$ cat final.cif   # mmCIF, C-alpha atoms; chains and numbers go by the auth columns
data_coords
#
loop_
_atom_site.group_PDB
_atom_site.id
_atom_site.type_symbol
_atom_site.label_atom_id
_atom_site.label_comp_id
_atom_site.label_asym_id
_atom_site.label_seq_id
_atom_site.Cartn_x
_atom_site.Cartn_y
_atom_site.Cartn_z
_atom_site.B_iso_or_equiv
_atom_site.auth_seq_id
_atom_site.auth_asym_id
ATOM 1 C CA MET A 1 23.277 -22.270 -20.344 0.00 1 A
ATOM 2 C CA VAL A 2 26.821 -22.344 -18.960 0.00 2 A
ATOM 3 C CA ASP A 3 26.383 -18.735 -17.816 0.00 3 A
ATOM 4 C CA ASP A 4 23.165 -19.736 -16.006 0.00 4 A
ATOM 5 C CA ILE A 5 24.990 -22.538 -14.224 0.00 5 A
ATOM 6 C CA HIS A 6 27.807 -20.205 -13.208 0.00 6 A
ATOM 7 C CA GLN A 7 25.268 -17.636 -11.965 0.00 7 A
ATOM 8 C CA LYS A 8 23.381 -20.260 -9.923 0.00 8 A
ATOM 9 C CA SER A 9 26.658 -21.530 -8.509 0.00 9 A
ATOM 10 C CA SER A 10 27.650 -17.994 -7.564 0.00 10 A
ATOM 11 C CA ASP A 11 24.241 -17.448 -5.935 0.00 11 A
ATOM 12 C CA LEU A 12 24.638 -20.650 -3.911 0.00 12 A
ATOM 13 C CA GLU A 13 28.109 -19.566 -2.789 0.00 13 A
ATOM 14 C CA LYS A 14 26.677 -16.242 -1.581 0.00 14 A
ATOM 15 C CA GLN A 15 23.883 -18.047 0.298 0.00 15 A
ATOM 16 C CA ARG A 16 26.422 -20.370 1.908 0.00 16 A
ATOM 17 C CA ASP A 17 28.545 -17.410 2.990 0.00 17 A
ATOM 18 C CA VAL A 18 25.496 -15.713 4.527 0.00 18 A
ATOM 19 C CA PHE A 19 24.584 -18.955 6.333 0.00 19 A
ATOM 20 C CA TYR A 20 28.058 -19.381 7.819 0.00 20 A
ATOM 21 C CA ARG A 21 28.011 -15.807 9.100 0.00 21 A
ATOM 22 C CA PHE A 22 24.980 -16.670 11.257 0.00 22 A
ATOM 23 C CA VAL A 23 26.093 -20.124 12.428 0.00 23 A
ATOM 24 C CA PRO A 24 28.336 -20.031 15.489 0.00 24 A
ATOM 25 C CA ALA A 25 31.849 -21.171 14.579 0.00 25 A
ATOM 26 C CA PRO A 26 32.013 -23.967 17.196 0.00 26 A
ATOM 27 C CA PHE A 27 28.929 -25.587 15.629 0.00 27 A
ATOM 28 C CA ILE A 28 30.588 -25.749 12.214 0.00 28 A
ATOM 29 C CA ARG A 29 33.816 -27.092 13.681 0.00 29 A
ATOM 30 C CA ILE A 30 32.022 -29.844 15.619 0.00 30 A
ATOM 31 C CA LEU A 31 30.846 -31.491 12.439 0.00 31 A
ATOM 32 C CA GLY A 32 34.421 -31.440 11.186 0.00 32 A
ATOM 33 C CA GLU A 33 35.745 -33.130 14.325 0.00 33 A
ATOM 34 C CA ARG A 34 33.540 -36.224 14.094 0.00 34 A
ATOM 35 C CA ASN A 35 34.457 -39.535 12.489 0.00 35 A
ATOM 36 C CA ILE A 36 33.044 -39.002 9.005 0.00 36 A
ATOM 37 C CA THR A 37 33.880 -40.915 5.856 0.00 37 A
ATOM 38 C CA ASP A 38 33.468 -39.045 2.603 0.00 38 A
ATOM 39 C CA ILE A 39 33.680 -40.347 -0.924 0.00 39 A
ATOM 40 C CA ARG A 40 34.493 -37.918 -3.732 0.00 40 A
ATOM 41 C CA LEU A 41 33.765 -38.744 -7.351 0.00 41 A
ATOM 42 C CA GLY A 42 34.326 -36.618 -10.419 0.00 42 A
ATOM 43 C CA ASP A 43 36.915 -34.406 -12.001 0.00 43 A
ATOM 44 C CA GLN A 44 37.973 -30.764 -11.739 0.00 44 A
ATOM 45 C CA ASN A 45 34.802 -29.571 -13.501 0.00 45 A
ATOM 46 C CA ARG A 46 32.360 -31.491 -11.338 0.00 46 A
ATOM 47 C CA MET A 47 32.831 -33.093 -7.965 0.00 47 A
ATOM 48 C CA ASP A 48 30.163 -35.135 -6.172 0.00 48 A
ATOM 49 C CA THR A 49 30.705 -35.959 -2.532 0.00 49 A
ATOM 50 C CA THR A 50 28.867 -38.585 -0.531 0.00 50 A
ATOM 51 C CA VAL A 51 29.253 -38.644 3.222 0.00 51 A
ATOM 52 C CA ILE A 52 28.686 -41.784 5.264 0.00 52 A
ATOM 53 C CA SER A 53 28.361 -41.514 9.023 0.00 53 A
ATOM 54 C CA ASP A 54 26.012 -41.918 11.967 0.00 54 A
ATOM 55 C CA VAL A 55 26.698 -38.225 12.651 0.00 55 A
ATOM 56 C CA VAL A 56 25.330 -37.346 9.216 0.00 56 A
ATOM 57 C CA ASN A 57 22.181 -39.393 9.892 0.00 57 A
ATOM 58 C CA VAL A 58 21.592 -37.639 13.215 0.00 58 A
ATOM 59 C CA ALA A 59 22.356 -34.237 11.662 0.00 59 A
ATOM 60 C CA SER A 60 19.810 -34.925 8.927 0.00 60 A
ATOM 61 C CA ARG A 61 17.149 -35.864 11.502 0.00 61 A
ATOM 62 C CA LEU A 62 17.937 -32.781 13.568 0.00 62 A
ATOM 63 C CA GLU A 63 17.630 -30.641 10.451 0.00 63 A
ATOM 64 C CA SER A 64 14.112 -32.034 10.014 0.00 64 A
ATOM 65 C CA LEU A 65 13.333 -31.086 13.608 0.00 65 A
ATOM 66 C CA THR A 66 14.166 -27.456 12.846 0.00 66 A
ATOM 67 C CA LYS A 67 11.033 -27.356 10.698 0.00 67 A
ATOM 68 C CA THR A 68 8.841 -29.174 13.217 0.00 68 A
ATOM 69 C CA MET A 69 9.993 -27.208 16.259 0.00 69 A
ATOM 70 C CA LYS A 70 10.361 -23.921 14.358 0.00 70 A
ATOM 71 C CA CYS A 71 14.047 -23.384 15.188 0.00 71 A
ATOM 72 C CA ARG A 72 16.746 -22.008 12.925 0.00 72 A
ATOM 73 C CA ILE A 73 19.532 -24.270 14.241 0.00 73 A
ATOM 74 C CA ILE A 74 19.336 -27.414 16.368 0.00 74 A
ATOM 75 C CA ALA A 75 22.264 -29.357 17.832 0.00 75 A
ATOM 76 C CA SER A 76 22.573 -32.553 19.833 0.00 76 A
ATOM 77 C CA GLY A 77 23.748 -32.533 23.436 0.00 77 A
ATOM 78 C CA THR A 78 26.965 -34.206 22.304 0.00 78 A
ATOM 79 C CA SER A 79 27.657 -31.278 19.976 0.00 79 A
ATOM 80 C CA ILE A 80 26.972 -28.752 22.717 0.00 80 A
ATOM 81 C CA LEU A 81 29.317 -30.535 25.143 0.00 81 A
ATOM 82 C CA SER A 82 32.010 -30.890 22.468 0.00 82 A
ATOM 83 C CA ALA A 83 31.986 -27.223 21.521 0.00 83 A
ATOM 84 C CA GLU A 84 35.056 -25.300 22.570 0.00 84 A
ATOM 85 C CA ASN A 85 33.988 -22.425 24.792 0.00 85 A
ATOM 86 C CA ASN A 86 30.402 -23.662 24.914 0.00 86 A
ATOM 87 C CA ALA A 87 29.752 -21.024 27.577 0.00 87 A
ATOM 88 C CA HIS A 88 29.691 -18.519 24.696 0.00 88 A
ATOM 89 C CA LEU A 89 27.363 -20.710 22.649 0.00 89 A
ATOM 90 C CA HIS A 90 23.873 -19.520 23.550 0.00 90 A
ATOM 91 C CA HIS A 91 21.384 -22.358 23.470 0.00 91 A
ATOM 92 C CA ARG A 92 18.264 -23.655 25.157 0.00 92 A
ATOM 93 C CA PHE A 93 17.130 -27.200 25.875 0.00 93 A
ATOM 94 C CA LEU A 94 14.314 -28.571 23.692 0.00 94 A
ATOM 95 C CA GLY A 95 13.988 -32.014 25.252 0.00 95 A
ATOM 96 C CA ASN A 96 15.119 -35.570 24.647 0.00 96 A
ATOM 97 C CA VAL A 97 14.160 -36.849 21.204 0.00 97 A
ATOM 98 C CA ILE A 98 14.344 -40.285 19.611 0.00 98 A
ATOM 99 C CA VAL A 99 15.386 -39.700 16.009 0.00 99 A
ATOM 100 C CA LYS A 100 14.832 -42.200 13.228 0.00 100 A
ATOM 101 C CA GLY A 101 17.640 -44.741 13.166 0.00 101 A
ATOM 102 C CA LYS A 102 18.355 -44.425 16.905 0.00 102 A
ATOM 103 C CA ASN A 103 16.943 -46.440 19.798 0.00 103 A
ATOM 104 C CA LYS A 104 17.937 -44.035 22.534 0.00 104 A
ATOM 105 C CA ALA A 105 16.669 -40.488 23.028 0.00 105 A
ATOM 106 C CA ILE A 106 19.246 -37.750 22.536 0.00 106 A
ATOM 107 C CA PRO A 107 19.158 -34.328 24.199 0.00 107 A
ATOM 108 C CA VAL A 108 18.410 -31.610 21.673 0.00 108 A
ATOM 109 C CA TYR A 109 19.166 -27.889 21.922 0.00 109 A
ATOM 110 C CA GLU A 110 18.233 -24.806 19.933 0.00 110 A
ATOM 111 C CA ILE A 111 21.300 -22.743 19.018 0.00 111 A
ATOM 112 C CA LEU A 112 20.333 -19.099 19.417 0.00 112 A
ATOM 113 C CA GLY A 113 23.132 -17.709 17.247 0.00 113 A
ATOM 114 C CA GLY A 114 20.923 -17.897 14.151 0.00 114 A
ATOM 115 C CA ASP A 115 18.471 -15.336 15.547 0.00 115 A
ATOM 116 C CA SER A 116 18.618 -11.570 15.309 0.00 116 A
ATOM 117 C CA PRO A 117 20.375 -9.950 18.290 0.00 117 A
ATOM 118 C CA SER A 118 17.076 -8.678 19.758 0.00 118 A
ATOM 119 C CA GLN A 119 15.354 -12.061 19.344 0.00 119 A
ATOM 120 C CA MET A 120 18.367 -13.837 20.849 0.00 120 A
ATOM 121 C CA GLU A 121 18.300 -11.469 23.828 0.00 121 A
ATOM 122 C CA LYS A 122 14.598 -12.182 24.442 0.00 122 A
ATOM 123 C CA LYS A 123 15.147 -15.947 24.195 0.00 123 A
ATOM 124 C CA ILE A 124 18.049 -15.764 26.637 0.00 124 A
ATOM 125 C CA SER A 125 15.973 -13.745 29.124 0.00 125 A
ATOM 126 C CA CYS A 126 13.112 -16.296 28.875 0.00 126 A
ATOM 127 C CA LYS A 127 15.395 -19.350 28.971 0.00 127 A
ATOM 128 C CA PRO A 128 14.626 -20.388 32.598 0.00 128 A
ATOM 129 C CA ASP A 129 10.853 -20.354 31.973 0.00 129 A
ATOM 130 C CA PHE A 130 11.222 -21.995 28.570 0.00 130 A
ATOM 131 C CA GLU A 131 13.449 -24.803 29.841 0.00 131 A
ATOM 132 C CA GLY A 132 11.233 -25.189 32.916 0.00 132 A
ATOM 133 C CA GLY A 133 8.308 -25.661 30.533 0.00 133 A
ATOM 134 C CA VAL A 134 10.269 -28.277 28.579 0.00 134 A
ATOM 135 C CA GLN A 135 11.056 -30.173 31.808 0.00 135 A
ATOM 136 C CA LEU A 136 7.371 -30.118 32.830 0.00 136 A
ATOM 137 C CA TYR A 137 6.343 -31.209 29.340 0.00 137 A
ATOM 138 C CA MET A 138 8.765 -34.145 29.496 0.00 138 A
ATOM 139 C CA LYS A 139 7.213 -35.142 32.862 0.00 139 A
ATOM 140 C CA LYS A 140 3.779 -35.024 31.159 0.00 140 A
ATOM 141 C CA ASN A 141 2.693 -32.079 33.309 0.00 141 A
ATOM 142 C CA TYR A 142 1.207 -30.371 30.267 0.00 142 A
ATOM 143 C CA GLN A 143 -0.990 -27.880 32.142 0.00 143 A
ATOM 144 C CA ASP A 144 1.912 -26.318 34.076 0.00 144 A
ATOM 145 C CA ALA A 145 4.159 -26.511 30.996 0.00 145 A
ATOM 146 C CA LEU A 146 1.515 -24.605 29.036 0.00 146 A
ATOM 147 C CA ILE A 147 1.496 -21.829 31.645 0.00 147 A
ATOM 148 C CA LEU A 148 5.274 -21.378 31.358 0.00 148 A
ATOM 149 C CA PHE A 149 5.250 -21.438 27.542 0.00 149 A
ATOM 150 C CA GLN A 150 2.454 -18.858 27.514 0.00 150 A
ATOM 151 C CA LYS A 151 4.560 -16.693 29.850 0.00 151 A
ATOM 152 C CA VAL A 152 7.484 -16.977 27.411 0.00 152 A
ATOM 153 C CA LYS A 153 5.150 -16.066 24.539 0.00 153 A
ATOM 154 C CA SER A 154 3.828 -13.006 26.405 0.00 154 A
ATOM 155 C CA ILE A 155 7.399 -11.704 26.764 0.00 155 A
ATOM 156 C CA ASN A 156 8.518 -12.791 23.300 0.00 156 A
ATOM 157 C CA PRO A 157 5.540 -12.881 20.876 0.00 157 A
ATOM 158 C CA ASP A 158 7.829 -13.919 17.987 0.00 158 A
ATOM 159 C CA ASP A 159 9.054 -17.123 19.667 0.00 159 A
ATOM 160 C CA GLU A 160 7.788 -19.783 17.254 0.00 160 A
ATOM 161 C CA THR A 161 9.336 -22.618 19.260 0.00 161 A
ATOM 162 C CA ALA A 162 7.258 -21.574 22.275 0.00 162 A
ATOM 163 C CA ASP A 163 4.247 -21.670 19.892 0.00 163 A
ATOM 164 C CA PHE A 164 5.164 -25.256 18.996 0.00 164 A
ATOM 165 C CA PHE A 165 5.202 -26.263 22.668 0.00 165 A
ATOM 166 C CA ILE A 166 1.982 -24.352 23.387 0.00 166 A
ATOM 167 C CA ARG A 167 0.195 -26.243 20.589 0.00 167 A
ATOM 168 C CA SER A 168 1.724 -29.549 21.712 0.00 168 A
ATOM 169 C CA SER A 169 0.756 -28.946 25.358 0.00 169 A
ATOM 170 C CA GLU A 170 -2.810 -27.994 24.409 0.00 170 A
ATOM 171 C CA PHE A 171 -3.080 -31.114 22.263 0.00 171 A
ATOM 172 C CA ARG A 172 -1.757 -33.333 25.071 0.00 172 A
ATOM 173 C CA ILE A 173 -4.151 -31.776 27.599 0.00 173 A
ATOM 174 C CA LYS A 174 -7.073 -32.644 25.295 0.00 174 A
ATOM 175 C CA ASN A 175 -5.574 -36.010 24.181 0.00 175 A
ATOM 176 C CA PRO A 176 -3.443 -37.398 27.004 0.00 176 A
ATOM 177 C CA PRO A 177 -1.022 -40.169 26.060 0.00 177 A
ATOM 178 C CA PRO A 178 -1.593 -43.630 27.554 0.00 178 A
ATOM 179 C CA PRO A 179 0.034 -44.037 30.994 0.00 179 A
ATOM 180 C CA SER A 180 2.749 -46.362 29.644 0.00 180 A
ATOM 181 C CA SER A 181 3.648 -44.120 26.687 0.00 181 A
ATOM 182 C CA ASP A 182 7.142 -42.613 26.583 0.00 182 A
ATOM 183 C CA ASP A 183 5.743 -39.578 24.688 0.00 183 A
#
$ encode --input "final.cif" --output "structure tokens"
Amino acid sequence: MVDDIHQKSSDLEKQRDVFYRFVPAPFIRILGERNITDIRLGDQNRMDTTVISDVVNVASRLESLTKTMKCRIIASGTSILSAENNAHLHHRFLGNVIVKGKNKAIPVYEILGGDSPSQMEKKISCKPDFEGGVQLYMKKNYQDALILFQKVKSINPDDETADFFIRSSEFRIKNPPPPSSDD
């Protein structure tokens, strides 16, 4: 049993190392620069850490958005602006989102560093159309947004985030939100 635990621990370490290779370094550092309180309990054989912070809450909500919006890595606008050399941090705007526990919408970006080089290149080349589609979507101009997202999809058939916006635009065209809705 102890050997199984050591093997699983080793496997998790390898997975973590693989993850950090694909996450841009500024993104990792940003989380370390925020005001975070951590509590560590245990001894040298087992250490449990609990982290308490608004940043952790937002990060958790953004992690959930990665599944909904079909992105590998999502960051808040604050994280993008805080990143050293953010000009080298390839990203694209996904919109303003109200996350659970917040009253105000926060700008959200997809970090493209988690994609393969060829996929990242395609997303960068389609970024103006993609972000134009996001802007139109936010203005509730779903028909024109759909056209731009379909253009992105025709250039990059593997763009699952464009798929998300295509489905959302089609749904909103068929089921428009009430005029007073902040959608």
$ atom_distance --input "final.cif" --atom1 "atom CA of Ser169 of chain A" --atom2 "atom CA of Cys126 of chain A"
18.0 Å
$ closest_residue --input "final.cif" --among "A:Ala105, A:Val58, A:Glu110, A:Arg92" --to "Ile74 of chain A" --atoms "only C-alpha atoms"
A:Glu110
$ resolve_selection --input "final.cif" --expression "the PyMOL selection byres ((chain A and resi 95) around 12)" --output "count of residues only"
30
$ atom_distance --input "final.cif" --atom1 "atom CA of Ala145 of chain A" --atom2 "atom CA of Asp159 of chain A"
15.5 Å
$ atom_distance --input "final.cif" --atom1 "atom CA of Asp144 of chain A" --atom2 "atom CA of Ile124 of chain A"
20.7 Å
$ closest_residue --input "final.cif" --among "A:Ile147, A:Ile166, A:Ile80, A:Cys71" --to "Met120 of chain A" --atoms "all atoms listed in the file"
A:Cys71
$ closest_residue --input "final.cif" --among "A:Leu81, A:Thr161, A:Tyr142, A:Gln150" --to "Asn175 of chain A" --atoms "all atoms listed in the file"
A:Tyr142
$ closest_residue --input "final.cif" --among "A:Pro178, A:Gly114, A:Pro128, A:Gly101" --to "Ser60 of chain A" --atoms "all atoms listed in the file"
A:Gly101
$ closest_residue --input "final.cif" --among "A:Pro177, A:Arg172, A:Phe164, A:Lys100" --to "Thr66 of chain A" --atoms "all atoms listed in the file"
A:Phe164
$ closest_residue --input "final.cif" --among "A:Thr68, A:Thr78, A:Gln143, A:Ser118" --to "Ile173 of chain A" --atoms "only C-alpha atoms"
A:Gln143
$ axis_aligned_box --input "final.cif" --around "segment 127-144 of chain A" --padding-each-side "4 Å" --output "AutoDock Vina command-line options"
--center_x 7.2 --center_y -27.2 --center_z 31.3 --size_x 24.4 --size_y 23.8 --size_z 13.5
$ build_atoms --input "final.cif" --residues "segment 127-141 of chain A" --atoms "N, CA and C atoms" --output "PDB file, keeping the file's coordinate frame"
ATOM      1  N   LYS A 127      14.872 -17.977  28.945  1.00  0.00           N
ATOM      2  CA  LYS A 127      15.395 -19.350  28.971  1.00  0.00           C
ATOM      3  C   LYS A 127      14.973 -20.144  30.207  1.00  0.00           C
ATOM      4  N   PRO A 128      15.039 -19.588  31.431  1.00  0.00           N
ATOM      5  CA  PRO A 128      14.626 -20.388  32.598  1.00  0.00           C
ATOM      6  C   PRO A 128      13.164 -20.859  32.511  1.00  0.00           C
ATOM      7  N   ASP A 129      12.263 -19.966  32.109  1.00  0.00           N
ATOM      8  CA  ASP A 129      10.853 -20.354  31.973  1.00  0.00           C
ATOM      9  C   ASP A 129      10.665 -21.349  30.832  1.00  0.00           C
ATOM     10  N   PHE A 130      11.345 -21.096  29.719  1.00  0.00           N
ATOM     11  CA  PHE A 130      11.222 -21.995  28.570  1.00  0.00           C
ATOM     12  C   PHE A 130      11.697 -23.400  28.937  1.00  0.00           C
ATOM     13  N   GLU A 131      12.897 -23.493  29.491  1.00  0.00           N
ATOM     14  CA  GLU A 131      13.449 -24.803  29.841  1.00  0.00           C
ATOM     15  C   GLU A 131      12.665 -25.456  30.983  1.00  0.00           C
ATOM     16  N   GLY A 132      12.110 -24.646  31.882  1.00  0.00           N
ATOM     17  CA  GLY A 132      11.233 -25.189  32.916  1.00  0.00           C
ATOM     18  C   GLY A 132       9.990 -25.807  32.281  1.00  0.00           C
ATOM     19  N   GLY A 133       9.458 -25.130  31.264  1.00  0.00           N
ATOM     20  CA  GLY A 133       8.308 -25.661  30.533  1.00  0.00           C
ATOM     21  C   GLY A 133       8.647 -26.964  29.831  1.00  0.00           C
ATOM     22  N   VAL A 134       9.835 -27.045  29.247  1.00  0.00           N
ATOM     23  CA  VAL A 134      10.269 -28.277  28.579  1.00  0.00           C
ATOM     24  C   VAL A 134      10.359 -29.415  29.601  1.00  0.00           C
ATOM     25  N   GLN A 135      10.939 -29.139  30.775  1.00  0.00           N
ATOM     26  CA  GLN A 135      11.056 -30.173  31.808  1.00  0.00           C
ATOM     27  C   GLN A 135       9.675 -30.666  32.244  1.00  0.00           C
ATOM     28  N   LEU A 136       8.734 -29.737  32.446  1.00  0.00           N
ATOM     29  CA  LEU A 136       7.371 -30.118  32.830  1.00  0.00           C
ATOM     30  C   LEU A 136       6.696 -30.910  31.716  1.00  0.00           C
ATOM     31  N   TYR A 137       6.914 -30.496  30.490  1.00  0.00           N
ATOM     32  CA  TYR A 137       6.343 -31.209  29.340  1.00  0.00           C
ATOM     33  C   TYR A 137       6.862 -32.644  29.300  1.00  0.00           C
ATOM     34  N   MET A 138       8.169 -32.808  29.522  1.00  0.00           N
ATOM     35  CA  MET A 138       8.765 -34.145  29.496  1.00  0.00           C
ATOM     36  C   MET A 138       8.216 -35.022  30.627  1.00  0.00           C
ATOM     37  N   LYS A 139       7.801 -34.403  31.738  1.00  0.00           N
ATOM     38  CA  LYS A 139       7.213 -35.142  32.862  1.00  0.00           C
ATOM     39  C   LYS A 139       5.702 -35.321  32.678  1.00  0.00           C
ATOM     40  N   LYS A 140       5.204 -34.920  31.516  1.00  0.00           N
ATOM     41  CA  LYS A 140       3.779 -35.024  31.159  1.00  0.00           C
ATOM     42  C   LYS A 140       2.886 -34.131  32.017  1.00  0.00           C
ATOM     43  N   ASN A 141       3.460 -33.076  32.568  1.00  0.00           N
ATOM     44  CA  ASN A 141       2.693 -32.079  33.309  1.00  0.00           C
ATOM     45  C   ASN A 141       2.367 -30.952  32.324  1.00  0.00           C
TER      46      ASN A 141
END
